[in-house]
Structure formats: C-alpha cells, structure tokens
$ cat run39.cif   # mmCIF, C-alpha atoms
data_data
#
loop_
_atom_site.label_atom_id
_atom_site.label_comp_id
_atom_site.auth_asym_id
_atom_site.auth_seq_id
_atom_site.Cartn_x
_atom_site.Cartn_y
_atom_site.Cartn_z
CA MET A 1 105.52 136.65 115.19
CA GLU A 2 106.93 133.23 116.20
CA GLU A 3 105.23 131.52 113.26
CA LYS A 4 106.57 134.19 110.90
CA GLU A 5 110.14 133.57 112.06
CA GLU A 6 109.64 129.82 111.83
CA LEU A 7 108.32 130.21 108.28
CA LYS A 8 111.46 132.17 107.33
CA ARG A 9 113.71 129.52 108.88
CA LEU A 10 111.96 126.63 107.14
CA TYR A 11 111.97 128.57 103.86
CA GLN A 12 115.76 128.82 104.00
CA LEU A 13 116.05 125.11 104.78
CA TYR A 14 113.81 124.41 101.82
CA LEU A 15 115.91 126.58 99.48
CA THR A 16 119.05 124.66 100.42
CA ASN A 17 117.30 121.29 100.26
CA GLN A 18 117.94 120.59 103.96
CA CYS A 19 114.33 120.03 105.10
CA THR A 20 113.46 116.77 106.79
CA ALA A 21 110.07 115.23 105.97
CA GLU A 22 108.63 116.65 109.20
CA GLU A 23 110.06 120.13 108.57
CA LEU A 24 108.69 120.15 105.03
CA GLN A 25 105.27 119.12 106.33
CA ARG A 26 105.39 121.92 108.91
CA PHE A 27 106.47 124.39 106.20
CA PHE A 28 103.38 123.76 104.13
CA VAL A 29 101.12 123.80 107.19
CA LEU A 30 102.41 127.30 108.00
CA ILE A 31 101.84 128.41 104.43
CA ASP A 32 98.33 126.99 104.45
CA ASN A 33 97.50 128.65 107.77
CA ASN A 34 98.97 132.03 106.87
CA GLU A 35 96.15 134.60 106.90
CA ASP A 36 97.82 136.91 104.39
CA ASP A 37 100.47 136.35 101.76
CA GLU A 38 102.74 139.29 102.61
CA THR A 39 105.41 137.26 104.39
CA ILE A 40 105.50 134.58 101.71
CA LEU A 41 105.65 137.12 98.90
CA GLU A 42 108.52 138.94 100.63
CA LEU A 43 110.50 135.71 100.86
CA MET A 44 109.77 134.83 97.25
CA SER A 45 110.67 138.30 96.03
CA ALA A 46 114.00 138.27 97.86
CA SER A 47 114.92 134.94 96.26
CA TRP A 48 113.72 136.01 92.81
CA ASP A 49 116.22 138.85 92.67
CA GLN A 50 119.12 136.44 93.16
CA THR A 51 118.02 133.39 91.24
CA GLN A 52 119.47 131.78 88.14
CA ARG A 53 116.38 130.14 86.73
CA VAL A 54 117.95 126.93 85.47
CA PRO A 55 116.47 123.59 86.55
CA GLU A 56 118.88 121.30 88.38
CA THR A 57 118.75 117.56 89.00
CA GLY A 58 118.98 115.54 92.17
CA LEU A 59 117.33 118.22 94.29
CA ILE A 60 114.04 116.56 95.22
CA PRO A 61 114.13 114.98 98.71
CA ASP A 62 114.05 111.16 98.74
CA PHE A 63 110.96 111.01 100.89
CA LEU A 64 108.76 112.67 98.23
CA PRO A 65 106.66 110.27 96.12
CA LYS A 66 107.45 109.66 92.47
CA GLU A 67 104.77 112.12 91.29
CA ALA A 68 106.54 114.97 93.07
CA LYS A 69 109.91 114.06 91.57
CA GLU A 70 108.46 114.27 88.07
CA ILE A 71 107.47 117.96 88.34
CA GLN A 72 108.98 119.71 85.32
CA LEU A 73 109.92 123.37 84.98
CA SER A 74 109.55 125.22 81.69
CA PRO A 75 112.78 126.60 80.10
CA THR A 76 113.19 130.33 80.80
CA ARG A 77 115.72 133.02 80.17
CA ARG A 78 118.80 133.20 82.38
CA ILE A 79 119.30 135.83 85.06
CA ARG A 80 122.93 135.75 86.10
CA TYR A 81 123.76 136.29 89.75
CA GLY A 82 126.27 134.76 92.14
CA PHE A 83 123.69 132.60 93.89
CA ARG A 84 124.36 129.00 94.87
CA PRO A 85 122.90 126.51 92.31
CA VAL A 86 121.10 124.40 94.90
CA ALA A 87 119.40 127.41 96.46
CA ALA A 88 118.64 128.78 93.01
CA ALA A 89 116.97 125.63 91.77
CA ALA A 90 115.00 125.23 94.99
CA ALA A 91 113.91 128.86 94.74
CA ILE A 92 112.64 128.20 91.22
CA LEU A 93 110.45 125.43 92.58
CA LEU A 94 108.99 128.03 94.91
CA ILE A 95 108.88 131.16 92.80
CA CYS A 96 108.27 130.27 89.18
CA THR A 97 105.24 128.17 89.94
CA GLY A 98 103.62 130.83 92.16
CA LEU A 99 101.91 130.99 95.50
CA PHE A 100 99.00 128.75 94.54
CA PHE A 101 101.41 126.01 93.56
CA PHE A 102 102.36 125.94 97.26
CA ARG A 103 98.87 125.74 98.61
CA SER A 104 97.57 123.02 96.32
CA THR A 105 99.99 121.38 93.89
CA VAL A 106 102.95 121.02 96.25
CA TRP A 107 100.75 119.77 99.06
CA ASP A 108 99.27 117.19 96.68
CA ALA A 109 102.77 116.27 95.52
CA ILE A 110 103.72 115.41 99.09
CA SER A 111 100.41 113.67 99.64
CA PRO A 112 98.53 113.14 96.36
CA ALA A 113 95.60 111.76 98.34
CA HIS A 114 92.70 114.07 98.98
CA GLN A 115 93.02 115.91 102.29
CA LEU A 116 90.10 115.39 104.66
CA GLN A 117 88.96 117.23 107.78
CA SER A 118 86.72 116.01 110.57
CA PHE A 119 85.25 118.37 113.15
CA SER A 120 83.36 117.46 116.32
CA ALA A 121 80.99 120.05 117.70
CA GLN A 122 80.00 120.77 121.30
CA ALA A 123 79.22 117.56 123.23
CA GLN A 124 79.80 115.57 120.01
CA ARG A 125 82.18 112.65 119.72
CA LYS A 126 83.34 110.94 116.56
CA GLN A 127 85.11 107.69 115.88
CA LEU A 128 87.18 107.47 112.69
CA GLU A 129 89.28 104.82 111.01
CA LEU A 130 92.11 106.11 108.83
CA SER A 131 93.31 104.43 105.65
CA ASP A 132 96.11 102.54 107.47
CA GLY A 133 93.71 101.07 110.03
CA THR A 134 94.49 103.60 112.77
CA LYS A 135 91.45 104.30 114.95
CA VAL A 136 90.72 107.78 116.29
CA TRP A 137 88.21 108.89 118.91
CA LEU A 138 87.71 112.62 118.45
CA SER A 139 86.61 114.57 121.54
CA PRO A 140 84.16 117.51 121.40
CA ASN A 141 85.28 120.80 119.82
CA SER A 142 88.20 119.15 118.05
CA THR A 143 89.47 119.11 114.46
CA LEU A 144 91.46 116.38 112.74
CA LYS A 145 93.11 116.87 109.33
CA TYR A 146 94.29 113.74 107.52
CA PRO A 147 94.80 112.36 104.00
CA GLU A 148 92.32 110.07 102.36
CA LYS A 149 95.24 107.72 101.82
CA PHE A 150 98.72 107.85 103.36
CA VAL A 151 101.67 108.07 100.95
CA GLY A 152 105.39 108.56 101.38
CA ASN A 153 107.66 107.45 104.20
CA SER A 154 105.51 108.71 107.09
CA ARG A 155 101.86 109.03 108.09
CA MET A 156 101.17 112.67 108.95
CA ILE A 157 98.02 114.24 110.38
CA ALA A 158 97.16 117.42 112.29
CA LEU A 159 95.07 117.76 115.46
CA GLU A 160 93.55 120.72 117.25
CA GLY A 161 91.62 119.74 120.35
CA GLU A 162 91.66 116.28 121.87
CA ALA A 163 91.67 112.75 120.53
CA PHE A 164 92.52 109.20 121.54
CA PHE A 165 94.53 107.14 119.04
CA GLU A 166 95.07 103.45 118.45
CA VAL A 167 97.79 103.59 115.84
CA ALA A 168 98.17 100.68 113.42
CA GLN A 169 101.60 99.05 113.56
CA ASP A 170 103.90 99.97 110.68
CA ALA A 171 107.57 100.20 111.61
CA ASN A 172 108.51 101.54 108.17
CA HIS A 173 106.05 104.45 108.26
CA PRO A 174 106.08 106.45 111.52
CA PHE A 175 102.78 108.04 112.51
CA ILE A 176 103.20 111.77 113.22
CA ILE A 177 100.60 114.04 114.78
CA GLN A 178 101.18 117.78 114.52
CA SER A 179 99.56 120.04 117.14
CA GLY A 180 100.91 123.54 116.71
CA GLN A 181 104.61 123.49 117.66
CA VAL A 182 104.32 119.98 119.09
CA SER A 183 104.69 116.76 117.12
CA THR A 184 104.08 113.26 118.46
CA ARG A 185 105.86 110.43 116.66
CA VAL A 186 104.80 106.78 117.06
CA LEU A 187 105.06 103.43 115.31
CA GLY A 188 102.08 101.69 116.87
CA THR A 189 100.52 102.38 120.24
CA SER A 190 97.49 103.83 122.07
CA PHE A 191 97.51 107.26 123.66
CA ASN A 192 95.58 110.47 124.23
CA ILE A 193 96.49 113.97 123.07
CA SER A 194 94.89 117.08 124.52
CA ALA A 195 95.83 120.16 122.48
CA TYR A 196 93.01 122.67 122.74
CA SER A 197 94.01 126.13 121.54
CA GLN A 198 92.44 127.86 124.59
CA THR A 199 94.35 125.84 127.21
CA PRO A 200 97.86 126.77 128.43
CA ASP A 201 99.19 123.21 128.12
CA ILE A 202 99.33 120.36 125.63
CA SER A 203 99.45 116.87 127.11
CA VAL A 204 100.20 113.44 125.67
CA THR A 205 99.21 110.49 127.86
CA LEU A 206 100.41 107.02 126.90
CA VAL A 207 98.34 103.91 127.58
CA THR A 208 100.41 101.35 125.65
CA GLY A 209 103.60 101.40 123.58
CA LYS A 210 106.16 104.17 123.29
CA VAL A 211 106.08 107.65 121.75
CA ALA A 212 108.43 110.58 121.24
CA VAL A 213 107.02 114.08 121.76
CA ALA A 214 108.97 116.97 120.24
CA LEU A 215 108.59 120.69 120.88
CA GLN A 216 109.82 123.00 118.12
CA LYS A 217 111.41 126.19 119.49
CA GLU A 218 113.41 129.01 117.95
CA ASN A 219 116.66 127.62 119.29
CA GLY A 220 115.98 124.02 118.29
CA ILE A 221 113.90 120.99 119.19
CA THR A 222 113.33 119.56 122.67
CA GLU A 223 112.14 115.96 122.80
CA GLU A 224 110.87 113.60 125.48
CA THR A 225 110.17 109.88 125.07
CA ILE A 226 107.54 108.22 127.22
CA VAL A 227 106.32 104.67 127.81
CA ALA A 228 103.03 103.28 129.12
CA ASN A 229 101.53 105.09 132.12
CA GLN A 230 103.53 108.25 131.57
CA GLN A 231 102.48 111.72 130.45
CA VAL A 232 104.27 114.57 128.69
CA THR A 233 103.09 118.12 129.34
CA ILE A 234 104.08 121.13 127.23
CA ASN A 235 103.63 124.64 128.58
CA LYS A 236 102.91 126.68 125.46
CA ALA A 237 103.69 130.08 126.97
CA GLU A 238 107.02 129.10 128.51
CA GLY A 239 108.00 126.64 125.80
CA LYS A 240 108.81 123.97 128.38
CA ILE A 241 108.32 120.22 128.09
CA SER A 242 108.22 117.79 131.01
CA LYS A 243 107.21 114.21 131.69
CA ALA A 244 105.84 112.39 134.72
CA ASN A 245 104.37 109.05 135.70
CA PHE A 246 100.62 108.77 135.12
CA PRO A 247 99.34 105.53 136.72
CA ASN A 248 95.74 106.14 135.65
CA ALA A 249 96.50 106.36 131.93
CA SER A 250 94.07 103.53 131.24
CA ASP A 251 91.24 105.86 132.31
CA TYR A 252 91.51 107.38 128.84
CA LEU A 253 90.06 104.18 127.39
CA ASN A 254 86.76 105.27 128.98
CA ARG A 255 87.33 108.99 128.46
CA ARG A 256 87.50 108.49 124.71
CA LEU A 257 83.85 107.42 124.96
CA GLY A 258 82.91 110.36 127.18
CA HIS A 259 82.99 108.53 130.52
CA PHE A 260 85.20 110.39 133.00
CA ASP A 261 86.23 108.63 136.21
CA TYR A 262 87.58 110.79 139.04
CA LYS A 263 89.41 109.33 142.03
CA GLY A 264 89.91 112.29 144.35
CA THR A 265 90.49 114.93 141.67
CA ALA A 266 90.47 118.60 142.63
CA LEU A 267 87.07 120.05 141.79
CA ALA A 268 88.79 122.88 139.93
CA GLU A 269 90.30 120.31 137.54
CA VAL A 270 86.92 118.65 137.03
CA VAL A 271 85.45 122.04 136.17
CA LYS A 272 88.16 122.55 133.54
CA ASP A 273 87.14 119.26 131.91
CA LEU A 274 83.52 120.38 131.82
CA GLU A 275 84.46 123.70 130.25
CA LEU A 276 86.38 121.95 127.46
CA GLN A 277 83.80 119.25 126.84
CA TYR A 278 80.83 121.62 126.69
CA GLN A 279 82.56 124.86 125.68
CA ILE A 280 81.02 126.72 128.62
CA LYS A 281 82.39 128.99 131.34
CA ILE A 282 82.11 127.87 134.95
CA GLN A 283 82.93 129.94 138.01
CA LEU A 284 83.74 127.93 141.11
CA SER A 285 83.03 129.34 144.55
CA PRO A 286 86.37 129.96 146.36
CA ASP A 287 85.40 127.70 149.26
CA LEU A 288 85.19 124.77 146.79
CA ASN A 289 88.60 125.24 145.19
CA LYS A 290 90.28 122.67 147.43
CA SER A 291 87.40 120.19 147.40
CA LEU A 292 88.02 116.76 145.87
CA PHE A 293 85.62 114.88 143.62
CA TYR A 294 85.10 111.13 143.59
CA GLY A 295 82.75 109.72 141.00
CA ASN A 296 81.90 109.24 137.34
CA LEU A 297 80.58 111.82 134.91
CA ASP A 298 79.04 110.98 131.55
CA MET A 299 80.07 113.81 129.24
CA THR A 300 77.82 112.50 126.48
CA LYS A 301 74.84 113.82 128.43
CA SER A 302 73.78 117.46 128.44
CA SER A 303 75.74 120.02 130.44
CA THR A 304 72.85 120.55 132.85
CA GLN A 305 72.58 116.82 133.56
CA THR A 306 76.30 116.62 134.26
CA LEU A 307 76.23 119.70 136.48
CA ASN A 308 73.27 118.25 138.39
CA LYS A 309 75.16 115.03 139.15
CA LEU A 310 78.36 116.86 140.06
CA CYS A 311 76.56 119.16 142.48
CA THR A 312 74.56 116.31 144.02
CA VAL A 313 77.76 114.45 144.88
CA MET A 314 79.46 117.60 146.16
CA GLU A 315 76.36 118.77 148.06
CA ALA A 316 76.55 122.02 146.14
CA ASN A 317 74.30 124.02 143.82
CA TRP A 318 74.70 125.64 140.45
CA LYS A 319 73.03 128.53 138.70
CA LYS A 320 73.39 130.31 135.41
CA ASP A 321 74.53 133.90 135.69
CA GLY A 322 74.60 135.68 132.35
CA GLY A 323 76.87 133.78 129.99
CA GLN A 324 78.43 131.51 132.60
CA TYR A 325 77.57 128.90 135.21
CA VAL A 326 78.34 129.34 138.90
CA ILE A 327 78.88 126.45 141.34
CA LEU A 328 78.48 127.38 144.99
CA LYS A 329 78.07 125.70 148.33
#

$ encode --input "run39.cif" --output "structure tokens"
Amino acid sequence: MEEKEELKRLYQLYLTNQCTAEELQRFFVLIDNNEDDETILELMSASWDQTQRVPETGLIPDFLPKEAKEIQLSPTRRIRYGFRPVAAAAAILLICTGLFFFRSTVWDAISPAHQLQSFSAQAQRKQLELSDGTKVWLSPNSTLKYPEKFVGNSRMIALEGEAFFEVAQDANHPFIIQSGQVSTRVLGTSFNISAYSQTPDISVTLVTGKVAVALQKENGITEETIVANQQVTINKAEGKISKANFPNASDYLNRRLGHFDYKGTALAEVVKDLELQYQIKIQLSPDLNKSLFYGNLDMTKSSTQTLNKLCTVMEANWKKDGGQYVILK
C-alpha cells in the first residue's frame, strides 16, 4: 500500500514537471517493480479524461540526456478540458505512448545504456567494476542493478542485499544507490550497505569520505550525513533513521572478501551474520544468548566448516534439526 501511494505522489509530480532526478528514477523503479498494471492504468485513465493532447515545449527536465529531449509526439485531435497545459503535456508523455513506453523507452531515455543485473548466490561473492571505475564487492544473496554506461547528471544504481563500494571520484556526477525507500548519495568514498529484504534494518557504514543517507517517507524525506567511522541505521518498520559512531568500520575491508573479525560480539549477532551469508536458519540455545564471540570466521568456506569453528571456540555443539541448525552448549 505504501508503494502504491508513493507511485501516485510521484505520478502527480511528474505530471506537473516537478520531479527531481532522484524522484524520477524512483518513479520508474516503482513502475518496473509493479506486479500488475491496475494502479498505473487507473492513473493514466484519470489523466486521459482531462487532457488536451497538444505537445508543449520546455517541459523536459534539464537532467535528461539529449535523446530524451528529442522524443516527438504525433499530432492528434484536440480534447478540450480546463486542465493545466503543463500537466496536460506531461500526461501526454505518459498516456499517448502507452504503458510499455514507460517500462522500456522512457527508462532508456533516462539511461540509454543497457541495464545490467548481477546476482550473487548463496556463499558466492562477486567483484565488479562499473563503467565509471567504481568497484563493488557484492555479498552473497545480493542483487545489483546498474547501467552498462552512466549517462546524465548522476550515477544511479539499485541494491538489494549487501555490498561494499569504492566509488570513483566525480564531483559533477553524484553516485546514488537506491535500496527500497533508502537512497545513499556520495561523490567518492568507500562504505558498506546492508539492505537485505528479510532484515528489519538497513545499515550504511562509512570507512572513508562522506555520504548522505535519505529515507523517503509519506510525510517527506529524512536525511542523515555521516563521515568516516560512523554508521546510519534505518528501521524499516518504524521508518526511523539514526546514526552512531562505528570505530570498527575498517573491518568491512575484510568483510567484503568474506573474512569476518569479531571482537567480543554477542553470539546472537554472529548467528545473524551466518544466516544472511548462508541463507540458513539457526536456533541459538537460550543459555548462549549473552555469550560473546572473539575470533575470525571465513564466510567463503562452507556453512558446516564455519559452524564447526564457531562451536569449537565457544565450546558448544551444533546439530541439524529438520530445516534449521541448532547451536547448544
């Protein structure tokens, strides 16, 4: 329901030519992710009934590339209503070209480059280099969507899961990572984003540089800016964003390679990492909930090898019970 309302809001901004580059990007992401076309068709139908189908000039946002500005509309008969010209012309761009224009042509107009997707499976890690020189270390069970070549005034990608980024410096083209309702905006820095769909929180941990993390909500945008050795956490259910110092941010330089270093971390937190890395369920014995773990775990190894090492250090045992693992004293 929240995405549906956001789609309606962004649609109205689009009709009145008030979308920022980020809002326009989000608009097309919502359209692309929409499982059925009912909502979109309702919006289009409502605008159709009030639209004077006469092309206007000067309505294409400045941040669109030249190819997008050259889109031409065929002359059509007039339908006279008291609708504002700007909204009418914008509606024509939506309605007359049809739903598939949204999902392919418009997306290509914003980013003519071919859209790519990289997925890392269970216990798999990938290292990518984007067209601008940005390096990405993709954690297991994660998906990255990005253009073959960046165009326009910003560099936009989408992430579900976890990844470590070393963003190439380019002050004129901000690098923006969209993870659901959260966008992270940088110019050039190194940081980690954890945005798995099954976890209650999204976190951005900064190793070097400076980033701004924005949370889109119904009543507006909340933003926090962090510097090196700080972390932003977003509670998805409550829609709250907070930041805190994170002295061990440099640990993510090893984590991006699958090497996790724990310095007195609650065993329950270690178990959460294992569940995400291996996509398994682990039940922890209640008497171990407050136990702390000191040591290194190599998440590139098999889940059984990692569990063996963990339990050896903790002087515990593990067993498989149905579809989950159980760690007990």

$ resolve_selection --input "run39.cif" --expression "the PyMOL selection byres ((chain A and resi 262) around 7)" --output "PyMOL selection string"
chain A and resi 260-261+263-265+293-296

$ resolve_selection --input "run39.cif" --expression "the PyMOL selection byres ((chain A and resi 204) around 8)" --output "PDB file with C-alpha atoms, in the frame of the given file"
ATOM      1  CA  PHE A 191      97.510 107.260 123.660  1.00  0.00           C
ATOM      2  CA  ASN A 192      95.580 110.470 124.230  1.00  0.00           C
ATOM      3  CA  ILE A 193      96.490 113.970 123.070  1.00  0.00           C
ATOM      4  CA  SER A 194      94.890 117.080 124.520  1.00  0.00           C
ATOM      5  CA  ILE A 202      99.330 120.360 125.630  1.00  0.00           C
ATOM      6  CA  SER A 203      99.450 116.870 127.110  1.00  0.00           C
ATOM      7  CA  THR A 205      99.210 110.490 127.860  1.00  0.00           C
ATOM      8  CA  LEU A 206     100.410 107.020 126.900  1.00  0.00           C
ATOM      9  CA  VAL A 213     107.020 114.080 121.760  1.00  0.00           C
ATOM     10  CA  GLN A 231     102.480 111.720 130.450  1.00  0.00           C
ATOM     11  CA  VAL A 232     104.270 114.570 128.690  1.00  0.00           C
ATOM     12  CA  THR A 233     103.090 118.120 129.340  1.00  0.00           C
TER      13      THR A 233
END

$ closest_atom_pairs --input "run39.cif" --of "region 235-280 of chain A" --to "region 170-185 of chain A" --cutoff "10 Å" --atoms "only C-alpha atoms" --output "tab-separated table"
residue	atom	partner	partner_atom	distance
A:Lys236	CA	A:Gln181	CA	8.6
A:Gly239	CA	A:Gln181	CA	9.4
A:Ile241	CA	A:Val182	CA	9.9

$ atom_distance --input "run39.cif" --atom1 "CA of Ala244 (chain A)" --atom2 "CA of Gln230 (chain A)"
5.7 Å

$ atom_distance --input "run39.cif" --atom1 "CA of Leu215 (chain A)" --atom2 "CA of Lys8 (chain A)"
18.0 Å

$ build_atoms --input "run39.cif" --residues "region 276-306 of chain A" --atoms "N, CA and C atoms" --output "mmCIF file, in the coordinates of the input"
data_model
loop_
_atom_site.group_PDB
_atom_site.id
_atom_site.type_symbol
_atom_site.label_atom_id
_atom_site.label_comp_id
_atom_site.auth_asym_id
_atom_site.auth_seq_id
_atom_site.Cartn_x
_atom_site.Cartn_y
_atom_site.Cartn_z
ATOM 1 N N LEU A 276 85.888 122.385 128.767
ATOM 2 C CA LEU A 276 86.380 121.950 127.460
ATOM 3 C C LEU A 276 85.366 121.083 126.730
ATOM 4 N N GLN A 277 84.731 120.183 127.473
ATOM 5 C CA GLN A 277 83.800 119.250 126.840
ATOM 6 C C GLN A 277 82.550 119.956 126.312
ATOM 7 N N TYR A 278 82.084 120.953 127.052
ATOM 8 C CA TYR A 278 80.830 121.620 126.690
ATOM 9 C C TYR A 278 81.015 123.035 126.151
ATOM 10 N N GLN A 279 82.278 123.501 126.147
ATOM 11 C CA GLN A 279 82.560 124.860 125.680
ATOM 12 C C GLN A 279 81.707 125.897 126.428
ATOM 13 N N ILE A 280 81.750 125.791 127.752
ATOM 14 C CA ILE A 280 81.020 126.720 128.620
ATOM 15 C C ILE A 280 82.004 127.318 129.616
ATOM 16 N N LYS A 281 81.586 128.375 130.288
ATOM 17 C CA LYS A 281 82.390 128.990 131.340
ATOM 18 C C LYS A 281 81.758 128.672 132.686
ATOM 19 N N ILE A 282 82.595 128.226 133.617
ATOM 20 C CA ILE A 282 82.110 127.870 134.950
ATOM 21 C C ILE A 282 82.940 128.595 136.003
ATOM 22 N N GLN A 283 82.254 129.284 136.893
ATOM 23 C CA GLN A 283 82.930 129.940 138.010
ATOM 24 C C GLN A 283 82.713 129.105 139.261
ATOM 25 N N LEU A 284 83.805 128.771 139.924
ATOM 26 C CA LEU A 284 83.740 127.930 141.110
ATOM 27 C C LEU A 284 83.874 128.793 142.364
ATOM 28 N N SER A 285 82.974 128.598 143.295
ATOM 29 C CA SER A 285 83.030 129.340 144.550
ATOM 30 C C SER A 285 84.376 129.085 145.234
ATOM 31 N N PRO A 286 85.045 130.112 145.747
ATOM 32 C CA PRO A 286 86.370 129.960 146.360
ATOM 33 C C PRO A 286 86.433 128.879 147.431
ATOM 34 N N ASP A 287 85.349 128.700 148.189
ATOM 35 C CA ASP A 287 85.400 127.700 149.260
ATOM 36 C C ASP A 287 85.336 126.268 148.723
ATOM 37 N N LEU A 288 85.207 126.102 147.396
ATOM 38 C CA LEU A 288 85.190 124.770 146.790
ATOM 39 C C LEU A 288 86.478 124.449 146.034
ATOM 40 N N ASN A 289 87.381 125.417 145.984
ATOM 41 C CA ASN A 289 88.600 125.240 145.190
ATOM 42 C C ASN A 289 89.426 124.040 145.630
ATOM 43 N N LYS A 290 89.465 123.758 146.918
ATOM 44 C CA LYS A 290 90.280 122.670 147.430
ATOM 45 C C LYS A 290 89.493 121.377 147.617
ATOM 46 N N SER A 291 88.239 121.389 147.266
ATOM 47 C CA SER A 291 87.400 120.190 147.400
ATOM 48 C C SER A 291 87.811 119.138 146.371
ATOM 49 N N LEU A 292 87.676 117.871 146.748
ATOM 50 C CA LEU A 292 88.020 116.760 145.870
ATOM 51 C C LEU A 292 86.747 116.055 145.402
ATOM 52 N N PHE A 293 86.804 115.558 144.181
ATOM 53 C CA PHE A 293 85.620 114.880 143.620
ATOM 54 C C PHE A 293 85.929 113.413 143.351
ATOM 55 N N TYR A 294 85.035 112.565 143.844
ATOM 56 C CA TYR A 294 85.100 111.130 143.590
ATOM 57 C C TYR A 294 83.814 110.730 142.865
ATOM 58 N N GLY A 295 83.952 110.151 141.711
ATOM 59 C CA GLY A 295 82.750 109.720 141.000
ATOM 60 C C GLY A 295 82.950 109.688 139.496
ATOM 61 N N ASN A 296 81.882 109.341 138.793
ATOM 62 C CA ASN A 296 81.900 109.240 137.340
ATOM 63 C C ASN A 296 80.971 110.281 136.737
ATOM 64 N N LEU A 297 81.404 110.866 135.640
ATOM 65 C CA LEU A 297 80.580 111.820 134.910
ATOM 66 C C LEU A 297 80.492 111.383 133.456
ATOM 67 N N ASP A 298 79.282 111.361 132.940
ATOM 68 C CA ASP A 298 79.040 110.980 131.550
ATOM 69 C C ASP A 298 78.945 112.250 130.709
ATOM 70 N N MET A 299 80.018 112.575 130.007
ATOM 71 C CA MET A 299 80.070 113.810 129.240
ATOM 72 C C MET A 299 79.288 113.731 127.929
ATOM 73 N N THR A 300 78.680 112.578 127.664
ATOM 74 C CA THR A 300 77.820 112.500 126.480
ATOM 75 C C THR A 300 76.434 113.048 126.768
ATOM 76 N N LYS A 301 76.129 113.236 128.048
ATOM 77 C CA LYS A 301 74.840 113.820 128.430
ATOM 78 C C LYS A 301 74.920 115.338 128.349
ATOM 79 N N SER A 302 73.814 115.999 128.527
ATOM 80 C CA SER A 302 73.780 117.460 128.440
ATOM 81 C C SER A 302 74.571 118.089 129.587
ATOM 82 N N SER A 303 74.965 119.333 129.407
ATOM 83 C CA SER A 303 75.740 120.020 130.440
ATOM 84 C C SER A 303 74.946 120.161 131.734
ATOM 85 N N THR A 304 73.652 120.393 131.630
ATOM 86 C CA THR A 304 72.850 120.550 132.850
ATOM 87 C C THR A 304 72.736 119.234 133.609
ATOM 88 N N GLN A 305 72.624 118.118 132.889
ATOM 89 C CA GLN A 305 72.580 116.820 133.560
ATOM 90 C C GLN A 305 73.886 116.538 134.289
ATOM 91 N N THR A 306 75.005 116.863 133.636
ATOM 92 C CA THR A 306 76.300 116.620 134.260
ATOM 93 C C THR A 306 76.512 117.531 135.461
#
